[in-house]
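Undergrad: Once you've had a glance at the structure underneath, I'll fire off some questions.
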Amino acid sequence: MAVCIAVIAKENYPLYIRSAPTENELKFHYMVHTSLDVVDEKISAMGKALVDQRELYLGLLYPTEDYKVYGYVTNSKVKFVMVVDSSNTALRDNEIRSMFRKLHNSYTDVMCNPFYNPGDRIQSRAFDNMVMSMMVQVC
Amino acid sequence: CESRRWRYGGALHAREVGASGARAKVSLSAFALLFSELVQHCQSCVFLVAELQVHLAALGRQVGAHVLDALVASEKGAQRETKVLGALLLVKGAMWKAFGKEANKLEQANDDACTFYIIGRQPLINTYISVPKEDSRFNCAGFTAGIVEAMLTHSGFPAKVTARWHKDTTLMIKFEEAVIA
């Protein structure tokens, strides 16, 4: 389903990036990087009041011809970015939301590890397995 | 001294997350034991009572940083806090619930818009701690102060939190100028 999932820290450096192995990884890294601007625009308090400013799920950030990029931000300003294949029969919003919720829960588990310093790269195998399971669901 | 303290802090915050209800409950005696060990260990590292508060607060800060996300995730329908008041209410509600029940009061100082007070009993922290007469100014709520400070700072509202001992425990929260402006 998802072809690339990234976790970005508050200071906008990546804590974790994983893409589906068959694709060109660099392209996804660039896409995630450019989507950060859109994320910042959405969470800045001076934006228009159309979107609920306090919502965690940010929705579709921007669509390209092959892919769609979705965003989600947590209370501690850690951002999750997910790139999804457009050709897949359109994933409904609810499914994306539930995927982000699972991501958030796994991220919380990583945070709860006392030996994990906030700001380090995420190296937890459980988190890895969860992300891999979200990426290889339809194959 | 540093590494042992680090290990204690880590174990304690794992307990606190457990006690926050998102996952299995943790026994009170286990938490009390860990916390008393923590205080004793800090006591062995310092010479003055005031320093003890500082050490406890530092440990609390580590715990708070890790626990912020866990608390938000476990609270259904929680949203990102963009207002100071929202963040304070989250601290007062969710965090205090992890320790037993909601804090009693949240107040703002009259003269200074940057200062807030949270007043309430700390059912878990101070239950099994008895303070000798000569140290009557000391308060284990310094640990809670550290947690609150970390939670606020990582949500984007830099603040300094100190614990004072009135009739009930009082946490004085002072935000930086940039937050209130």
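Chain labels A, B, ... are given in the sequence in which chains occur in the structure tokens; within each chain residues are numbered consecutively from 1, and ligands are likewise numbered from 1 in the order shown.
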Going by DSSP on the backbone, which residues of chain A come out as alpha helix (DSSP H)? List them as an MDAnalysis selection string.

TA: chainID A and resid 25:43 93:112 125:135

Undergrad: Using the selection just defined, write its residues with N, CA and C atoms as a tab-separated table (two decimals), in the first residue's frame.

TA:
chain	number	residue	atom	x	y	z
A	25	GLU	N	15.02	4.76	-4.35
A	25	GLU	CA	14.83	5.34	-3.02
A	25	GLU	C	15.04	6.84	-2.99
A	26	LEU	N	16.01	7.30	-3.79
A	26	LEU	CA	16.36	8.72	-3.71
A	26	LEU	C	15.17	9.60	-4.06
A	27	LYS	N	14.40	9.15	-5.04
A	27	LYS	CA	13.24	9.93	-5.45
A	27	LYS	C	12.29	10.16	-4.28
A	28	PHE	N	12.11	9.10	-3.47
A	28	PHE	CA	11.21	9.23	-2.34
A	28	PHE	C	11.78	10.13	-1.27
A	29	HIS	N	13.11	10.06	-1.10
A	29	HIS	CA	13.70	10.96	-0.12
A	29	HIS	C	13.43	12.41	-0.50
A	30	TYR	N	13.58	12.70	-1.78
A	30	TYR	CA	13.31	14.07	-2.23
A	30	TYR	C	11.86	14.45	-2.02
A	31	MET	N	10.95	13.52	-2.32
A	31	MET	CA	9.53	13.84	-2.16
A	31	MET	C	9.21	14.15	-0.71
A	32	VAL	N	9.77	13.34	0.19
A	32	VAL	CA	9.50	13.58	1.61
A	32	VAL	C	10.07	14.93	2.01
A	33	HIS	N	11.23	15.24	1.49
A	33	HIS	CA	11.86	16.51	1.86
A	33	HIS	C	11.02	17.69	1.40
A	34	THR	N	10.50	17.60	0.17
A	34	THR	CA	9.70	18.73	-0.30
A	34	THR	C	8.37	18.81	0.43
A	35	SER	N	7.87	17.67	0.89
A	35	SER	CA	6.58	17.72	1.57
A	35	SER	C	6.69	18.40	2.92
A	36	LEU	N	7.92	18.51	3.46
A	36	LEU	CA	8.06	19.14	4.77
A	36	LEU	C	7.59	20.59	4.76
A	37	ASP	N	7.80	21.25	3.61
A	37	ASP	CA	7.33	22.63	3.52
A	37	ASP	C	5.83	22.70	3.66
A	38	VAL	N	5.16	21.77	3.01
A	38	VAL	CA	3.70	21.77	3.08
A	38	VAL	C	3.24	21.49	4.50
A	39	VAL	N	3.94	20.58	5.16
A	39	VAL	CA	3.58	20.28	6.55
A	39	VAL	C	3.72	21.52	7.41
A	40	ASP	N	4.84	22.22	7.23
A	40	ASP	CA	5.06	23.40	8.06
A	40	ASP	C	3.99	24.43	7.81
A	41	GLU	N	3.58	24.54	6.56
A	41	GLU	CA	2.55	25.52	6.26
A	41	GLU	C	1.24	25.14	6.94
A	42	LYS	N	0.97	23.84	6.98
A	42	LYS	CA	-0.30	23.43	7.58
A	42	LYS	C	-0.32	23.61	9.07
A	43	ILE	N	0.84	23.44	9.70
A	43	ILE	CA	0.79	23.52	11.16
A	43	ILE	C	1.08	24.91	11.69
A	93	ASP	N	-9.82	7.68	3.09
A	93	ASP	CA	-9.24	8.50	4.15
A	93	ASP	C	-9.13	7.73	5.45
A	94	ASN	N	-10.19	6.96	5.75
A	94	ASN	CA	-10.19	6.23	7.03
A	94	ASN	C	-9.03	5.28	7.13
A	95	GLU	N	-8.72	4.63	5.99
A	95	GLU	CA	-7.63	3.67	6.05
A	95	GLU	C	-6.31	4.37	6.31
A	96	ILE	N	-6.14	5.52	5.65
A	96	ILE	CA	-4.91	6.27	5.89
A	96	ILE	C	-4.83	6.68	7.35
A	97	ARG	N	-5.97	7.16	7.87
A	97	ARG	CA	-5.97	7.57	9.28
A	97	ARG	C	-5.58	6.42	10.19
A	98	SER	N	-6.12	5.24	9.89
A	98	SER	CA	-5.82	4.12	10.80
A	98	SER	C	-4.37	3.72	10.66
A	99	MET	N	-3.81	3.85	9.45
A	99	MET	CA	-2.39	3.54	9.31
A	99	MET	C	-1.53	4.50	10.12
A	100	PHE	N	-1.93	5.78	10.09
A	100	PHE	CA	-1.17	6.75	10.86
A	100	PHE	C	-1.32	6.50	12.35
A	101	ARG	N	-2.51	6.06	12.75
A	101	ARG	CA	-2.71	5.78	14.17
A	101	ARG	C	-1.80	4.64	14.62
A	102	LYS	N	-1.69	3.63	13.77
A	102	LYS	CA	-0.80	2.52	14.12
A	102	LYS	C	0.64	3.00	14.21
A	103	LEU	N	1.01	3.86	13.27
A	103	LEU	CA	2.36	4.43	13.28
A	103	LEU	C	2.60	5.19	14.59
A	104	HIS	N	1.61	5.99	14.97
A	104	HIS	CA	1.75	6.79	16.18
A	104	HIS	C	1.92	5.90	17.39
A	105	ASN	N	1.11	4.84	17.46
A	105	ASN	CA	1.23	3.94	18.60
A	105	ASN	C	2.59	3.27	18.64
A	106	SER	N	3.08	2.84	17.47
A	106	SER	CA	4.40	2.22	17.47
A	106	SER	C	5.47	3.22	17.84
A	107	TYR	N	5.31	4.46	17.38
A	107	TYR	CA	6.29	5.48	17.72
A	107	TYR	C	6.28	5.74	19.22
A	108	THR	N	5.09	5.73	19.81
A	108	THR	CA	5.01	5.91	21.26
A	108	THR	C	5.73	4.80	21.98
A	109	ASP	N	5.59	3.57	21.45
A	109	ASP	CA	6.31	2.47	22.08
A	109	ASP	C	7.81	2.70	22.01
A	110	VAL	N	8.28	3.19	20.88
A	110	VAL	CA	9.71	3.47	20.75
A	110	VAL	C	10.13	4.53	21.77
A	111	MET	N	9.30	5.57	21.91
A	111	MET	CA	9.62	6.64	22.85
A	111	MET	C	9.69	6.14	24.28
A	112	CYS	N	8.87	5.15	24.60
A	112	CYS	CA	8.81	4.69	25.97
A	112	CYS	C	10.03	3.88	26.36
A	125	ARG	N	13.44	-2.89	16.24
A	125	ARG	CA	13.01	-3.90	15.29
A	125	ARG	C	11.49	-3.98	15.22
A	126	ALA	N	10.85	-3.79	16.36
A	126	ALA	CA	9.39	-3.88	16.37
A	126	ALA	C	8.78	-2.79	15.48
A	127	PHE	N	9.34	-1.60	15.58
A	127	PHE	CA	8.88	-0.51	14.73
A	127	PHE	C	9.10	-0.85	13.27
A	128	ASP	N	10.26	-1.37	12.98
A	128	ASP	CA	10.62	-1.79	11.63
A	128	ASP	C	9.61	-2.80	11.08
A	129	ASN	N	9.32	-3.82	11.90
A	129	ASN	CA	8.40	-4.84	11.43
A	129	ASN	C	7.02	-4.27	11.16
A	130	MET	N	6.60	-3.35	12.01
A	130	MET	CA	5.28	-2.76	11.81
A	130	MET	C	5.24	-1.98	10.52
A	131	VAL	N	6.30	-1.23	10.25
A	131	VAL	CA	6.33	-0.44	9.02
A	131	VAL	C	6.38	-1.35	7.80
A	132	MET	N	7.19	-2.40	7.87
A	132	MET	CA	7.26	-3.32	6.74
A	132	MET	C	5.91	-3.95	6.48
A	133	SER	N	5.18	-4.26	7.55
A	133	SER	CA	3.88	-4.89	7.34
A	133	SER	C	2.93	-3.93	6.66
A	134	MET	N	3.09	-2.61	6.91
A	134	MET	CA	2.20	-1.66	6.26
A	134	MET	C	2.56	-1.47	4.81
A	135	MET	N	3.79	-1.79	4.44
A	135	MET	CA	4.19	-1.50	3.08
A	135	MET	C	3.98	-2.66	2.15

Undergrad: Of the candidates A:Lys10, A:Pro114, A:Ser19, A:Tyr62, which one gets nearest to chain B if we count only C-alpha atoms?

TA: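 Counting only C-alpha atoms, the residue closest to chain B is A:Pro114.
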
Undergrad: So how many Å separate CA of Arg164 (chain B) and CA of Phe116 (chain B), to one decimal?

TA: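 Calculated distance between CA of Arg164 (chain B) and CA of Phe116 (chain B) is 12.7 Å.
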